[in-house]
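Enquirer: Next comes run16.cif, mmCIF, C-alpha atoms:
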data_protein
loop_
_atom_site.label_atom_id
_atom_site.label_comp_id
_atom_site.auth_asym_id
_atom_site.auth_seq_id
_atom_site.Cartn_x
_atom_site.Cartn_y
_atom_site.Cartn_z
CA MET E 1 -2.59 -61.87 -120.52
CA ASP E 2 -0.76 -61.06 -123.74
CA GLN E 3 -3.85 -59.32 -125.13
CA PHE E 4 -4.66 -57.45 -121.92
CA PHE E 5 -1.15 -56.05 -121.41
CA LYS E 6 -0.35 -55.86 -125.16
CA ILE E 7 2.94 -57.65 -124.56
CA SER E 8 3.54 -58.87 -128.12
CA GLU E 9 2.16 -55.66 -129.61
CA ARG E 10 4.86 -53.71 -127.76
CA LYS E 11 7.54 -56.16 -128.86
CA SER E 12 8.11 -57.49 -125.35
CA THR E 13 7.92 -60.91 -123.70
CA VAL E 14 6.75 -62.19 -120.34
CA GLY E 15 10.41 -62.81 -119.49
CA ASN E 16 11.32 -59.19 -120.27
CA GLU E 17 8.47 -57.95 -118.09
CA VAL E 18 9.50 -60.17 -115.18
CA ILE E 19 13.15 -59.11 -115.41
CA GLY E 20 12.16 -55.47 -115.81
CA GLY E 21 9.85 -55.68 -112.80
CA LEU E 22 12.49 -57.33 -110.62
CA THR E 23 15.06 -54.73 -111.68
CA THR E 24 12.83 -51.78 -110.84
CA PHE E 25 11.81 -53.36 -107.53
CA LEU E 26 15.40 -53.91 -106.41
CA ALA E 27 16.40 -50.41 -107.55
CA MET E 28 13.67 -48.80 -105.42
CA ALA E 29 13.35 -51.38 -102.63
CA TYR E 30 15.37 -49.17 -100.31
CA ILE E 31 12.13 -47.28 -99.66
CA ILE E 32 10.84 -50.27 -97.64
CA ALA E 33 13.51 -49.57 -95.05
CA VAL E 34 13.97 -45.82 -95.46
CA ASN E 35 10.37 -44.57 -95.45
CA PRO E 36 9.33 -46.22 -92.16
CA LEU E 37 12.43 -44.72 -90.54
CA MET E 38 11.52 -41.27 -91.85
CA MET E 39 7.90 -41.65 -90.79
CA SER E 40 8.92 -42.86 -87.33
CA ILE E 41 10.81 -39.55 -86.95
CA ALA E 42 7.49 -37.87 -87.72
CA GLY E 43 5.88 -39.92 -84.93
CA ILE E 44 4.23 -42.79 -86.81
CA PRO E 45 4.87 -46.22 -85.22
CA PHE E 46 7.54 -48.00 -87.26
CA ASP E 47 5.49 -51.16 -87.93
CA ALA E 48 2.50 -49.06 -89.01
CA ALA E 49 4.69 -47.03 -91.37
CA LEU E 50 6.19 -50.23 -92.80
CA THR E 51 2.76 -51.72 -93.46
CA SER E 52 1.52 -48.49 -95.06
CA THR E 53 4.65 -48.10 -97.20
CA CYS E 54 4.51 -51.63 -98.61
CA PHE E 55 0.79 -51.88 -99.22
CA GLY E 56 0.52 -48.34 -100.57
CA ALA E 57 3.28 -49.06 -103.09
CA ALA E 58 1.78 -52.45 -103.97
CA ILE E 59 -1.75 -51.16 -104.59
CA MET E 60 -0.80 -48.10 -106.63
CA THR E 61 1.92 -49.82 -108.69
CA ILE E 62 -0.52 -52.57 -109.67
CA ALA E 63 -3.18 -49.92 -110.37
CA MET E 64 -0.77 -48.17 -112.75
CA GLY E 65 -0.13 -51.48 -114.50
CA ILE E 66 -3.82 -52.32 -114.89
CA PHE E 67 -5.33 -48.91 -115.70
CA ALA E 68 -2.44 -47.26 -117.59
CA ASN E 69 -0.53 -50.38 -118.72
CA ARG E 70 2.83 -48.63 -118.50
CA PRO E 71 5.98 -49.70 -116.59
CA LEU E 72 5.82 -46.93 -114.01
CA ALA E 73 6.27 -48.03 -110.39
CA LEU E 74 5.05 -45.98 -107.45
CA ALA E 75 5.98 -45.72 -103.78
CA SER E 76 6.32 -43.15 -101.01
CA GLY E 77 8.38 -40.29 -102.40
CA MET E 78 11.80 -39.40 -101.06
CA GLY E 79 11.95 -35.68 -100.42
CA ILE E 80 8.30 -35.33 -99.49
CA ASN E 81 8.77 -37.83 -96.65
CA ALA E 82 11.69 -35.69 -95.47
CA ILE E 83 9.44 -32.61 -95.52
CA VAL E 84 6.93 -34.51 -93.38
CA ALA E 85 9.61 -35.62 -90.90
CA TYR E 86 11.71 -32.47 -90.66
CA SER E 87 9.50 -29.55 -91.73
CA LEU E 88 5.98 -30.48 -90.62
CA CYS E 89 6.53 -32.76 -87.61
CA GLY E 90 9.12 -32.79 -84.84
CA ALA E 91 10.22 -30.36 -82.16
CA THR E 92 12.48 -28.37 -84.52
CA ALA E 93 9.86 -28.12 -87.29
CA LEU E 94 6.30 -26.79 -87.43
CA GLY E 95 5.52 -29.29 -84.73
CA VAL E 96 2.23 -30.70 -86.00
CA ASP E 97 1.06 -34.21 -85.26
CA TRP E 98 1.76 -36.83 -87.92
CA ARG E 99 -1.98 -37.22 -88.57
CA VAL E 100 -2.14 -33.55 -89.56
CA ALA E 101 0.90 -34.01 -91.82
CA MET E 102 -0.89 -36.89 -93.57
CA ALA E 103 -3.96 -34.67 -93.95
CA VAL E 104 -1.73 -32.13 -95.76
CA ILE E 105 -0.59 -34.90 -98.13
CA PHE E 106 -4.18 -36.11 -98.58
CA LEU E 107 -5.51 -32.65 -99.43
CA GLU E 108 -2.62 -31.97 -101.83
CA GLY E 109 -3.40 -35.25 -103.61
CA VAL E 110 -7.10 -34.39 -103.92
CA LEU E 111 -6.24 -31.02 -105.51
CA ILE E 112 -3.87 -32.65 -108.02
CA LEU E 113 -6.53 -35.23 -108.88
CA VAL E 114 -9.00 -32.41 -109.56
CA LEU E 115 -6.45 -30.71 -111.84
CA VAL E 116 -6.00 -33.97 -113.75
CA LEU E 117 -9.74 -34.53 -114.12
CA CYS E 118 -10.03 -30.97 -115.48
CA GLY E 119 -7.30 -31.75 -118.00
CA LEU E 120 -4.98 -29.02 -116.70
CA ARG E 121 -2.04 -31.27 -115.88
CA LYS E 122 -2.00 -32.80 -119.37
CA ALA E 123 -2.47 -29.38 -120.96
CA ILE E 124 0.58 -28.00 -119.14
CA MET E 125 2.65 -30.98 -120.32
CA ASP E 126 1.54 -30.30 -123.89
CA ALA E 127 2.50 -26.61 -123.50
CA ILE E 128 6.12 -27.36 -122.63
CA PRO E 129 8.56 -26.60 -125.50
CA VAL E 130 9.98 -29.75 -127.13
CA ASN E 131 13.59 -28.96 -126.18
CA VAL E 132 12.66 -28.54 -122.53
CA ARG E 133 10.71 -31.82 -122.61
CA ARG E 134 13.78 -33.61 -123.89
CA ALA E 135 15.97 -31.86 -121.35
CA ILE E 136 13.80 -33.07 -118.46
CA GLY E 137 14.50 -36.71 -119.34
CA ILE E 138 18.23 -36.04 -119.66
CA GLY E 139 18.30 -34.15 -116.36
CA ILE E 140 16.55 -37.04 -114.65
CA GLY E 141 19.16 -39.39 -116.12
CA LEU E 142 21.93 -37.35 -114.50
CA PHE E 143 19.88 -37.21 -111.30
CA VAL E 144 19.45 -40.98 -111.20
CA ALA E 145 23.18 -41.52 -111.84
CA PHE E 146 24.01 -38.98 -109.13
CA ILE E 147 21.75 -40.81 -106.68
CA GLY E 148 23.61 -44.03 -107.50
CA LEU E 149 27.08 -42.50 -107.07
CA LYS E 150 26.07 -40.80 -103.84
CA GLY E 151 24.52 -43.97 -102.45
CA GLY E 152 27.66 -45.89 -103.35
CA GLY E 153 29.91 -43.46 -101.51
CA ILE E 154 31.81 -42.63 -104.71
CA ILE E 155 30.64 -39.01 -104.41
CA VAL E 156 30.55 -37.50 -100.92
CA GLY E 157 29.92 -34.11 -99.38
CA ASN E 158 32.75 -31.64 -98.80
CA GLU E 159 32.54 -28.28 -97.02
CA ALA E 160 35.12 -26.64 -99.28
CA THR E 161 34.04 -27.96 -102.68
CA ILE E 162 30.44 -29.11 -101.91
CA LEU E 163 31.18 -32.50 -103.51
CA THR E 164 34.32 -34.59 -103.80
CA LEU E 165 35.50 -38.13 -104.53
CA GLY E 166 34.89 -40.65 -101.77
CA ASP E 167 37.32 -43.19 -100.38
CA LEU E 168 37.51 -45.71 -103.21
CA THR E 169 39.19 -48.26 -100.93
CA SER E 170 36.23 -48.37 -98.53
CA ALA E 171 34.02 -51.44 -98.52
CA GLN E 172 31.05 -49.35 -99.62
CA CYS E 173 32.88 -48.00 -102.68
CA ILE E 174 34.29 -51.41 -103.60
CA VAL E 175 30.76 -52.85 -103.79
CA ALA E 176 29.60 -49.83 -105.81
CA LEU E 177 32.52 -50.12 -108.25
CA VAL E 178 31.87 -53.84 -108.68
CA ALA E 179 28.22 -53.02 -109.42
CA ILE E 180 29.20 -50.39 -112.01
CA ALA E 181 31.79 -52.63 -113.67
CA LEU E 182 29.34 -55.53 -113.93
CA ALA E 183 26.52 -53.34 -115.24
CA VAL E 184 28.73 -51.67 -117.88
CA VAL E 185 30.43 -54.88 -119.07
CA LEU E 186 27.20 -56.88 -119.21
CA GLU E 187 25.40 -54.04 -120.98
CA THR E 188 28.24 -53.86 -123.51
CA LEU E 189 27.92 -57.60 -124.10
CA LYS E 190 24.11 -57.24 -124.47
CA VAL E 191 23.44 -59.77 -121.71
CA LYS E 192 19.76 -60.09 -120.83
CA GLY E 193 18.91 -58.87 -117.32
CA THR E 194 22.12 -56.82 -117.00
CA LEU E 195 20.93 -54.46 -114.30
CA LEU E 196 19.25 -57.17 -112.23
CA ILE E 197 22.39 -59.33 -112.36
CA SER E 198 24.57 -56.41 -111.28
CA ILE E 199 22.37 -55.68 -108.26
CA VAL E 200 22.21 -59.30 -107.08
CA ALA E 201 25.93 -59.94 -107.68
CA ALA E 202 26.97 -56.74 -105.89
CA THR E 203 24.72 -57.67 -102.96
CA ILE E 204 26.52 -61.02 -102.69
CA VAL E 205 29.95 -59.35 -102.93
CA GLY E 206 28.88 -57.05 -100.10
CA ILE E 207 28.32 -59.92 -97.65
CA PRO E 208 31.99 -60.61 -96.72
CA LEU E 209 32.74 -56.87 -96.87
CA GLY E 210 30.06 -56.09 -94.31
CA VAL E 211 28.10 -53.83 -96.66
CA THR E 212 25.25 -56.32 -97.10
CA VAL E 213 23.58 -56.69 -93.73
CA MET E 214 22.22 -60.17 -93.12
CA PRO E 215 18.77 -60.32 -91.49
CA THR E 216 18.70 -61.40 -87.86
CA THR E 217 14.93 -61.39 -87.33
CA MET E 218 11.82 -61.65 -89.45
CA ASN E 219 8.86 -59.36 -88.94
CA PHE E 220 5.62 -61.14 -89.85
CA GLY E 221 3.27 -58.65 -88.20
CA LEU E 222 1.16 -55.99 -89.86
CA ASP E 223 0.01 -52.74 -88.26
CA PHE E 224 -2.83 -50.81 -89.91
CA SER E 225 -3.12 -48.14 -87.20
CA ALA E 226 -1.90 -45.36 -89.56
CA PHE E 227 -4.70 -45.99 -92.06
CA ALA E 228 -7.30 -43.19 -92.41
CA ALA E 229 -4.79 -40.83 -90.75
CA PRO E 230 -6.36 -37.57 -92.09
CA PHE E 231 -9.64 -38.49 -90.43
CA GLN E 232 -8.19 -39.45 -87.07
CA ILE E 233 -8.25 -37.04 -84.13
CA ASP E 234 -5.26 -34.70 -83.81
CA PRO E 235 -4.29 -35.04 -80.12
CA GLN E 236 -2.81 -31.52 -80.07
CA SER E 237 -5.99 -29.70 -81.12
CA ASN E 238 -8.50 -32.45 -80.32
CA THR E 239 -10.06 -31.99 -83.77
CA VAL E 240 -10.13 -34.12 -86.92
CA ALA E 241 -6.70 -33.76 -88.60
CA ILE E 242 -7.96 -32.58 -91.98
CA LEU E 243 -10.06 -29.84 -90.38
CA GLN E 244 -6.92 -28.58 -88.68
CA VAL E 245 -5.26 -28.24 -92.11
CA VAL E 246 -8.04 -26.34 -93.88
CA THR E 247 -8.22 -23.81 -91.04
CA THR E 248 -4.47 -23.13 -90.73
CA PRO E 249 -2.86 -20.80 -93.35
CA ALA E 250 0.68 -22.09 -92.68
CA LEU E 251 -0.44 -25.65 -93.42
CA LEU E 252 -2.26 -24.56 -96.58
CA MET E 253 1.06 -23.08 -97.76
CA PHE E 254 2.61 -26.52 -97.33
CA VAL E 255 -0.25 -27.97 -99.40
CA PHE E 256 0.66 -25.59 -102.26
CA SER E 257 4.38 -26.34 -101.97
CA LEU E 258 3.85 -30.11 -102.02
CA LEU E 259 1.35 -29.78 -104.88
CA MET E 260 4.01 -28.08 -107.00
CA SER E 261 6.55 -30.76 -106.10
CA ASP E 262 4.19 -33.67 -106.87
CA PHE E 263 2.82 -32.00 -110.01
CA PHE E 264 6.15 -31.48 -111.75
CA ASP E 265 8.18 -34.35 -110.26
CA THR E 266 5.77 -36.82 -111.82
CA MET E 267 5.72 -34.89 -115.08
CA GLY E 268 9.49 -35.10 -115.33
CA THR E 269 9.70 -38.72 -114.23
CA VAL E 270 7.07 -39.89 -116.71
CA MET E 271 8.84 -38.07 -119.55
CA GLY E 272 12.12 -39.72 -118.61
CA VAL E 273 10.68 -43.24 -118.37
CA ALA E 274 8.53 -42.80 -121.49
CA ASP E 275 11.62 -42.11 -123.57
CA ARG E 276 13.26 -45.38 -122.46
CA ALA E 277 10.07 -47.49 -122.59
CA ASP E 278 9.06 -46.29 -126.07
CA PHE E 279 5.75 -44.58 -125.39
CA VAL E 280 6.65 -41.15 -126.78
CA ASP E 281 5.26 -40.30 -130.22
CA LYS E 282 7.18 -38.60 -133.03
CA ASP E 283 6.07 -35.16 -131.79
CA GLY E 284 7.49 -35.76 -128.34
CA ASN E 285 4.09 -36.34 -126.70
CA ILE E 286 3.58 -39.12 -124.17
CA GLU E 287 1.02 -41.73 -125.21
CA ASP E 288 -1.87 -42.55 -122.84
CA ILE E 289 -0.82 -39.75 -120.49
CA GLN E 290 -4.26 -39.14 -118.92
CA PRO E 291 -4.64 -42.53 -117.14
CA ILE E 292 -1.00 -42.29 -115.99
CA LEU E 293 -1.64 -38.90 -114.40
CA MET E 294 -4.92 -40.04 -112.86
CA VAL E 295 -3.31 -43.04 -111.15
CA ASP E 296 -0.37 -40.95 -109.95
CA SER E 297 -2.69 -38.30 -108.53
CA ALA E 298 -4.86 -40.91 -106.81
CA ALA E 299 -1.64 -42.33 -105.34
CA ALA E 300 -0.96 -39.07 -103.50
CA VAL E 301 -4.44 -39.25 -101.99
CA LEU E 302 -3.95 -42.88 -100.97
CA GLY E 303 -0.51 -42.14 -99.52
CA GLY E 304 -1.96 -39.54 -97.20
CA PHE E 305 -4.90 -41.79 -96.31
CA PHE E 306 -2.63 -44.76 -95.53
CA GLY E 307 -0.13 -42.68 -93.55
CA ALA E 308 2.68 -43.54 -95.97
CA SER E 309 3.50 -39.97 -97.10
CA SER E 310 2.80 -39.03 -100.73
CA ILE E 311 3.00 -42.00 -103.11
CA THR E 312 4.45 -40.98 -106.45
CA THR E 313 5.98 -42.34 -109.66
CA TYR E 314 9.61 -43.37 -109.23
CA ALA E 315 12.50 -42.31 -111.47
CA GLU E 316 14.01 -45.74 -110.79
CA SER E 317 11.33 -47.10 -113.14
CA THR E 318 13.80 -46.22 -115.89
CA ALA E 319 15.96 -49.12 -114.69
CA GLY E 320 13.13 -51.55 -115.44
CA ALA E 321 12.44 -49.90 -118.79
CA VAL E 322 16.09 -50.26 -119.75
CA ALA E 323 15.92 -53.92 -118.64
CA GLY E 324 13.04 -54.52 -121.08
CA ALA E 325 9.77 -53.64 -119.30
CA ARG E 326 7.21 -52.19 -121.70
CA THR E 327 3.84 -53.01 -120.14
CA GLY E 328 1.92 -53.00 -116.89
CA LEU E 329 2.73 -56.67 -116.30
CA SER E 330 6.05 -55.57 -114.81
CA ASN E 331 4.05 -53.46 -112.37
CA VAL E 332 2.11 -56.48 -111.21
CA ILE E 333 5.43 -58.21 -110.43
CA ILE E 334 6.63 -55.15 -108.50
CA GLY E 335 3.35 -54.75 -106.62
CA VAL E 336 3.27 -58.40 -105.53
CA LEU E 337 6.86 -58.12 -104.29
CA PHE E 338 6.02 -55.01 -102.25
CA ALA E 339 3.09 -56.83 -100.65
CA VAL E 340 5.20 -59.92 -99.89
CA PHE E 341 8.02 -57.92 -98.35
CA ALA E 342 5.60 -56.23 -95.97
CA PHE E 343 6.16 -59.49 -94.07
CA PHE E 344 9.87 -59.92 -94.90
CA ALA E 345 11.29 -56.40 -94.81
CA PRO E 346 14.67 -57.50 -93.35
CA VAL E 347 15.35 -59.61 -96.47
CA ILE E 348 15.00 -56.72 -98.89
CA GLY E 349 17.04 -54.67 -96.48
CA MET E 350 20.02 -56.74 -97.63
CA VAL E 351 20.04 -54.82 -100.93
CA SER E 352 22.26 -51.85 -100.11
CA ALA E 353 22.54 -48.52 -101.93
CA PRO E 354 26.03 -49.42 -103.26
CA ALA E 355 24.59 -52.60 -104.81
CA THR E 356 22.14 -50.56 -106.92
CA CYS E 357 24.80 -48.03 -107.94
CA GLY E 358 25.76 -49.74 -111.20
CA ALA E 359 22.16 -50.05 -112.39
CA LEU E 360 21.43 -46.37 -111.73
CA VAL E 361 24.66 -45.16 -113.38
CA VAL E 362 23.97 -47.17 -116.54
CA VAL E 363 20.40 -45.86 -116.62
CA GLY E 364 21.80 -42.32 -116.38
CA TYR E 365 24.14 -42.99 -119.29
CA LEU E 366 21.35 -44.37 -121.46
CA MET E 367 19.09 -41.40 -120.71
CA MET E 368 21.88 -39.02 -121.75
CA THR E 369 21.69 -40.31 -125.31
CA GLY E 370 18.80 -37.91 -126.01
CA VAL E 371 21.07 -34.88 -125.63
CA GLY E 372 21.82 -34.95 -129.36
CA GLU E 373 18.13 -34.42 -130.17
CA ILE E 374 18.14 -30.94 -128.61
CA ASP E 375 18.69 -28.00 -130.95
CA TRP E 376 21.72 -26.30 -129.37
CA THR E 377 22.06 -23.65 -132.08
CA SER E 378 19.36 -21.31 -130.76
CA MET E 379 19.84 -19.62 -127.38
CA ASP E 380 16.12 -19.15 -126.72
CA SER E 381 15.46 -22.89 -126.83
CA ALA E 382 18.88 -24.26 -125.85
CA PHE E 383 19.49 -22.31 -122.64
CA PRO E 384 16.24 -23.39 -120.93
CA ALA E 385 17.14 -26.97 -121.87
CA PHE E 386 20.65 -26.52 -120.46
CA ILE E 387 19.49 -25.00 -117.17
CA THR E 388 16.90 -27.79 -116.78
CA ILE E 389 19.53 -30.48 -117.31
CA MET E 390 21.88 -28.83 -114.82
CA GLY E 391 19.20 -27.82 -112.34
CA ILE E 392 17.64 -31.24 -111.70
CA PRO E 393 20.76 -33.04 -110.35
CA LEU E 394 22.44 -29.98 -108.79
CA THR E 395 19.38 -28.98 -106.75
CA TYR E 396 18.55 -32.64 -106.06
CA SER E 397 15.03 -31.80 -107.19
CA ILE E 398 13.20 -32.56 -110.44
CA THR E 399 10.70 -29.81 -109.65
CA ASP E 400 13.32 -27.10 -109.11
CA GLY E 401 15.14 -28.04 -112.32
CA ILE E 402 11.93 -27.87 -114.34
CA GLY E 403 11.12 -24.54 -112.69
CA PHE E 404 14.48 -23.06 -113.75
CA GLY E 405 13.80 -24.18 -117.31
CA PHE E 406 10.30 -22.70 -117.39
CA VAL E 407 11.30 -19.35 -115.90
CA SER E 408 14.35 -18.94 -118.15
CA TYR E 409 12.30 -19.82 -121.25
CA VAL E 410 9.69 -17.15 -120.49
CA VAL E 411 12.31 -14.50 -119.59
CA ILE E 412 14.23 -15.07 -122.83
CA LYS E 413 11.09 -14.99 -124.98
CA VAL E 414 9.94 -11.77 -123.34
CA ALA E 415 13.39 -10.20 -123.86
CA GLN E 416 13.24 -11.18 -127.55
CA GLY E 417 9.79 -9.64 -127.94
CA LYS E 418 8.32 -13.06 -128.78
CA ILE E 419 5.64 -13.10 -126.11
CA GLY E 420 3.17 -14.57 -128.57
CA GLU E 421 5.20 -17.80 -128.71
CA ILE E 422 4.62 -18.44 -125.00
CA LYS E 423 1.56 -20.62 -124.51
CA PRO E 424 -0.91 -19.39 -121.85
CA LEU E 425 -0.35 -22.40 -119.59
CA MET E 426 3.41 -21.81 -119.67
CA TRP E 427 2.65 -18.41 -118.16
CA VAL E 428 0.51 -20.03 -115.47
CA ALA E 429 3.16 -22.64 -114.62
CA THR E 430 5.97 -20.07 -114.63
CA VAL E 431 4.10 -17.74 -112.27
CA ALA E 432 3.42 -20.70 -109.96
CA PHE E 433 7.12 -21.59 -109.97
CA PHE E 434 8.05 -17.97 -109.29
CA LEU E 435 5.75 -17.90 -106.27
CA MET E 436 7.09 -21.24 -105.07
CA PHE E 437 10.73 -20.10 -105.29
CA ILE E 438 9.92 -16.97 -103.29
CA PHE E 439 7.50 -18.19 -100.64
CA ALA E 440 7.56 -21.99 -100.37
#
Written as structure tokens, that's how I'd like the structure from this file.
Expert:
Amino acid sequence: MDQFFKISERKSTVGNEVIGGLTTFLAMAYIIAVNPLMMSIAGIPFDAALTSTCFGAAIMTIAMGIFANRPLALASGMGINAIVAYSLCGATALGVDWRVAMAVIFLEGVLILVLVLCGLRKAIMDAIPVNVRRAIGIGIGLFVAFIGLKGGGIIVGNEATILTLGDLTSAQCIVALVAIALAVVLETLKVKGTLLISIVAATIVGIPLGVTVMPTTMNFGLDFSAFAAPFQIDPQSNTVAILQVVTTPALLMFVFSLLMSDFFDTMGTVMGVADRADFVDKDGNIEDIQPILMVDSAAAVLGGFFGASSITTYAESTAGAVAGARTGLSNVIIGVLFAVFAFFAPVIGMVSAPATCGALVVVGYLMMTGVGEIDWTSMDSAFPAFITIMGIPLTYSITDGIGFGFVSYVVIKVAQGKIGEIKPLMWVATVAFFLMFIFA
């Protein structure tokens, strides 16, 4: 096992991998409860969506561990599942059947996989300026911390100011503040398993406060009826779902939009995790990037096939990397837990968003440490980095933040008369972002 996963070679231990895997799993376990709810809005039976969510995450996370040997966990992506529920399906949306929506996801995944096999996805990553690459990881750190603070109720919406401070005396905020305090203090003291301890302890604190919901029933059943969704019959058109997609221009536009989101979300997430898990070389390039991108692209295909929405690499993987995960062994731990909790979903439902707040805030802090590596003295390289860092958390989208960085970089270079410094694939990516911002 040590030789296969290169545990000693990467200066890790089995204990570190287990703790890292548990930490990542608890940080992203909310998807077990959230995704089936979102998919049920789209029309998928809840039990079928639960089965698809858990087994899709389990299979692709383990695949990432075995084929890429990097601590990058995968599950149904937040954001894309919302697009499925509220933009593709439902009476107030495009109104397509959920099988057709899964065919859109499936086709988008196939196209991304083709781009990876052609080497285009890796080539675009290599074409990104170093400062922007570094900025993506920092922006994701702020994004992850923002997710934690929002989930903990410490930051809430406000019509006048957009965001404001939540009620710090509420039970939700108390649990979140306990989680943050524990994570910060334990991290300062260099305690092993800091983030995992903070999540478990905050979950326990939440029991008497009513934030941690105790399970009342156990669901032992599995429902595979959503599997092969793109090839099931669309009851609205009485045709195979995927044929409905390829013959409908509006649905093909969704394929393009989701392709852009998947393409660059993963790019940003991998860069962020790579920095914390030490698989970035001295030139800022990610090691073993091709198998990582291949597994992630195959995950989108599988997500559509299973009826679980697009399965993608999770930014919460940074929590496991910070906790010590360096190899794919942590992925095996995560994958097994996802498979197990397909039968015990109510148990993992006990882990509330406020309980994970501390782990995500500390991860955000640690990812901010790379801000000093950016050259802030030159406007042409510093401003694209700045707008990327700001854009990711403020738009609540990794893709949009990266797009702002790309477009601003090209505009500044053109204005300076330095068109020759723009790599051809940066032009391609920037034009694609421009089209997405206008039409998608």
Enquirer: Choose the residue, out of E:Leu26, E:Leu120, E:Cys89, E:Ala323, that has the smallest atom-to-atom separation from Val428 of chain E; count all atoms listed in the file.
Expert: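 With all atoms listed in the file as the atom set, the closest residue is E:Leu120.
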Enquirer: As an exercise, work out the distance from atom CA of Gly307 of chain E to atom CA of Ser352 of chain E in Å and give it to one decimal place.
Expert: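 Computed distance, atom CA of Gly307 of chain E to atom CA of Ser352 of chain E, equals 25.1 Å.
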Enquirer: Smallest atom-to-atom distance to Leu88 of chain E: which of E:Gly324, E:Pro215, E:Gly43, E:Gly335, using all atoms listed in the file?
Expert: E:Gly43
Enquirer: Record the distance separating atom CA of Met379 of chain E and atom CA of Thr266 of chain E, expressed in Å with one decimal.
Expert: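 Atom-to-atom, atom CA of Met379 of chain E and atom CA of Thr266 of chain E are spaced 27.1 Å apart.
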Enquirer: If the PyMOL selection byres ((chain E and resi 13) around 12) is run on the structure shown, which residues does it catch, given as JSON, numbers by chain?
Expert: {"E": [1, 2, 3, 5, 6, 7, 8, 9, 10, 11, 12, 14, 15, 16, 17, 18, 19, 20, 323, 324, 325, 326, 327, 329, 330]}
Enquirer: Pick from E:Ala33, E:Ala63, E:Leu94, E:Met78: nearest to Asp262 of chain E, with all atoms listed in the file counted?
Expert: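 Among the listed residues, the smallest separation from Asp262 of chain E belongs to E:Met78.
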Enquirer: For atom CA of Ala127 of chain E and atom CA of Phe434 of chain E, determine how far apart the two atoms are, in Å to one decimal place.
Expert: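 So the answer is 17.5 Å.
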Enquirer: Determine the residue set returned by the PyMOL selection byres ((chain E and resi 309-313) around 7) for the present structure, and present it as a PyMOL selection string.
Expert: chain E and resi 72-77+80-81+102+105+266+269+296+299-300+303-304+307-308+314-315
Enquirer: Restricting it to C-alpha atoms, dump the selection as an mmCIF file, in the frame of the given file.
Expert:
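Result file is part.cif:
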data_model
loop_
_atom_site.group_PDB
_atom_site.id
_atom_site.type_symbol
_atom_site.label_atom_id
_atom_site.label_comp_id
_atom_site.auth_asym_id
_atom_site.auth_seq_id
_atom_site.Cartn_x
_atom_site.Cartn_y
_atom_site.Cartn_z
ATOM 1 C CA LEU E 72 5.820 -46.930 -114.010
ATOM 2 C CA ALA E 73 6.270 -48.030 -110.390
ATOM 3 C CA LEU E 74 5.050 -45.980 -107.450
ATOM 4 C CA ALA E 75 5.980 -45.720 -103.780
ATOM 5 C CA SER E 76 6.320 -43.150 -101.010
ATOM 6 C CA GLY E 77 8.380 -40.290 -102.400
ATOM 7 C CA ILE E 80 8.300 -35.330 -99.490
ATOM 8 C CA ASN E 81 8.770 -37.830 -96.650
ATOM 9 C CA MET E 102 -0.890 -36.890 -93.570
ATOM 10 C CA ILE E 105 -0.590 -34.900 -98.130
ATOM 11 C CA THR E 266 5.770 -36.820 -111.820
ATOM 12 C CA THR E 269 9.700 -38.720 -114.230
ATOM 13 C CA ASP E 296 -0.370 -40.950 -109.950
ATOM 14 C CA ALA E 299 -1.640 -42.330 -105.340
ATOM 15 C CA ALA E 300 -0.960 -39.070 -103.500
ATOM 16 C CA GLY E 303 -0.510 -42.140 -99.520
ATOM 17 C CA GLY E 304 -1.960 -39.540 -97.200
ATOM 18 C CA GLY E 307 -0.130 -42.680 -93.550
ATOM 19 C CA ALA E 308 2.680 -43.540 -95.970
ATOM 20 C CA TYR E 314 9.610 -43.370 -109.230
ATOM 21 C CA ALA E 315 12.500 -42.310 -111.470
#
Enquirer: Would you translate the PyMOL selection byres ((chain E and resi 46-58) around 7) into the concrete set of residues it matches in this file, as an NGL selection string?
Expert: :E and (32 or 35-37 or 39-40 or 44-45 or 59-62 or 74-76 or 222-226 or 303 or 306-308 or 335-336 or 338-339 or 342)
Enquirer: Do a neighbour search on segment 364-375 of chain E at 9 Å with all atoms listed in the file, toss out local chain neighbours closer than 5 positions, and write the hits as an mmCIF file with C-alpha atoms, in the coordinates of the input.
Expert:
data_model
loop_
_atom_site.group_PDB
_atom_site.id
_atom_site.type_symbol
_atom_site.label_atom_id
_atom_site.label_comp_id
_atom_site.auth_asym_id
_atom_site.auth_seq_id
_atom_site.Cartn_x
_atom_site.Cartn_y
_atom_site.Cartn_z
ATOM 1 C CA VAL E 130 9.980 -29.750 -127.130
ATOM 2 C CA ASN E 131 13.590 -28.960 -126.180
ATOM 3 C CA VAL E 132 12.660 -28.540 -122.530
ATOM 4 C CA ARG E 134 13.780 -33.610 -123.890
ATOM 5 C CA ALA E 135 15.970 -31.860 -121.350
ATOM 6 C CA GLY E 137 14.500 -36.710 -119.340
ATOM 7 C CA ILE E 138 18.230 -36.040 -119.660
ATOM 8 C CA GLY E 139 18.300 -34.150 -116.360
ATOM 9 C CA ILE E 140 16.550 -37.040 -114.650
ATOM 10 C CA GLY E 141 19.160 -39.390 -116.120
ATOM 11 C CA LEU E 142 21.930 -37.350 -114.500
ATOM 12 C CA PHE E 143 19.880 -37.210 -111.300
ATOM 13 C CA VAL E 144 19.450 -40.980 -111.200
ATOM 14 C CA ALA E 145 23.180 -41.520 -111.840
ATOM 15 C CA PHE E 146 24.010 -38.980 -109.130
ATOM 16 C CA GLY E 272 12.120 -39.720 -118.610
ATOM 17 C CA VAL E 273 10.680 -43.240 -118.370
ATOM 18 C CA ASP E 275 11.620 -42.110 -123.570
ATOM 19 C CA ARG E 276 13.260 -45.380 -122.460
ATOM 20 C CA THR E 318 13.800 -46.220 -115.890
ATOM 21 C CA VAL E 322 16.090 -50.260 -119.750
ATOM 22 C CA ALA E 359 22.160 -50.050 -112.390
ATOM 23 C CA SER E 381 15.460 -22.890 -126.830
ATOM 24 C CA ALA E 382 18.880 -24.260 -125.850
ATOM 25 C CA ALA E 385 17.140 -26.970 -121.870
#
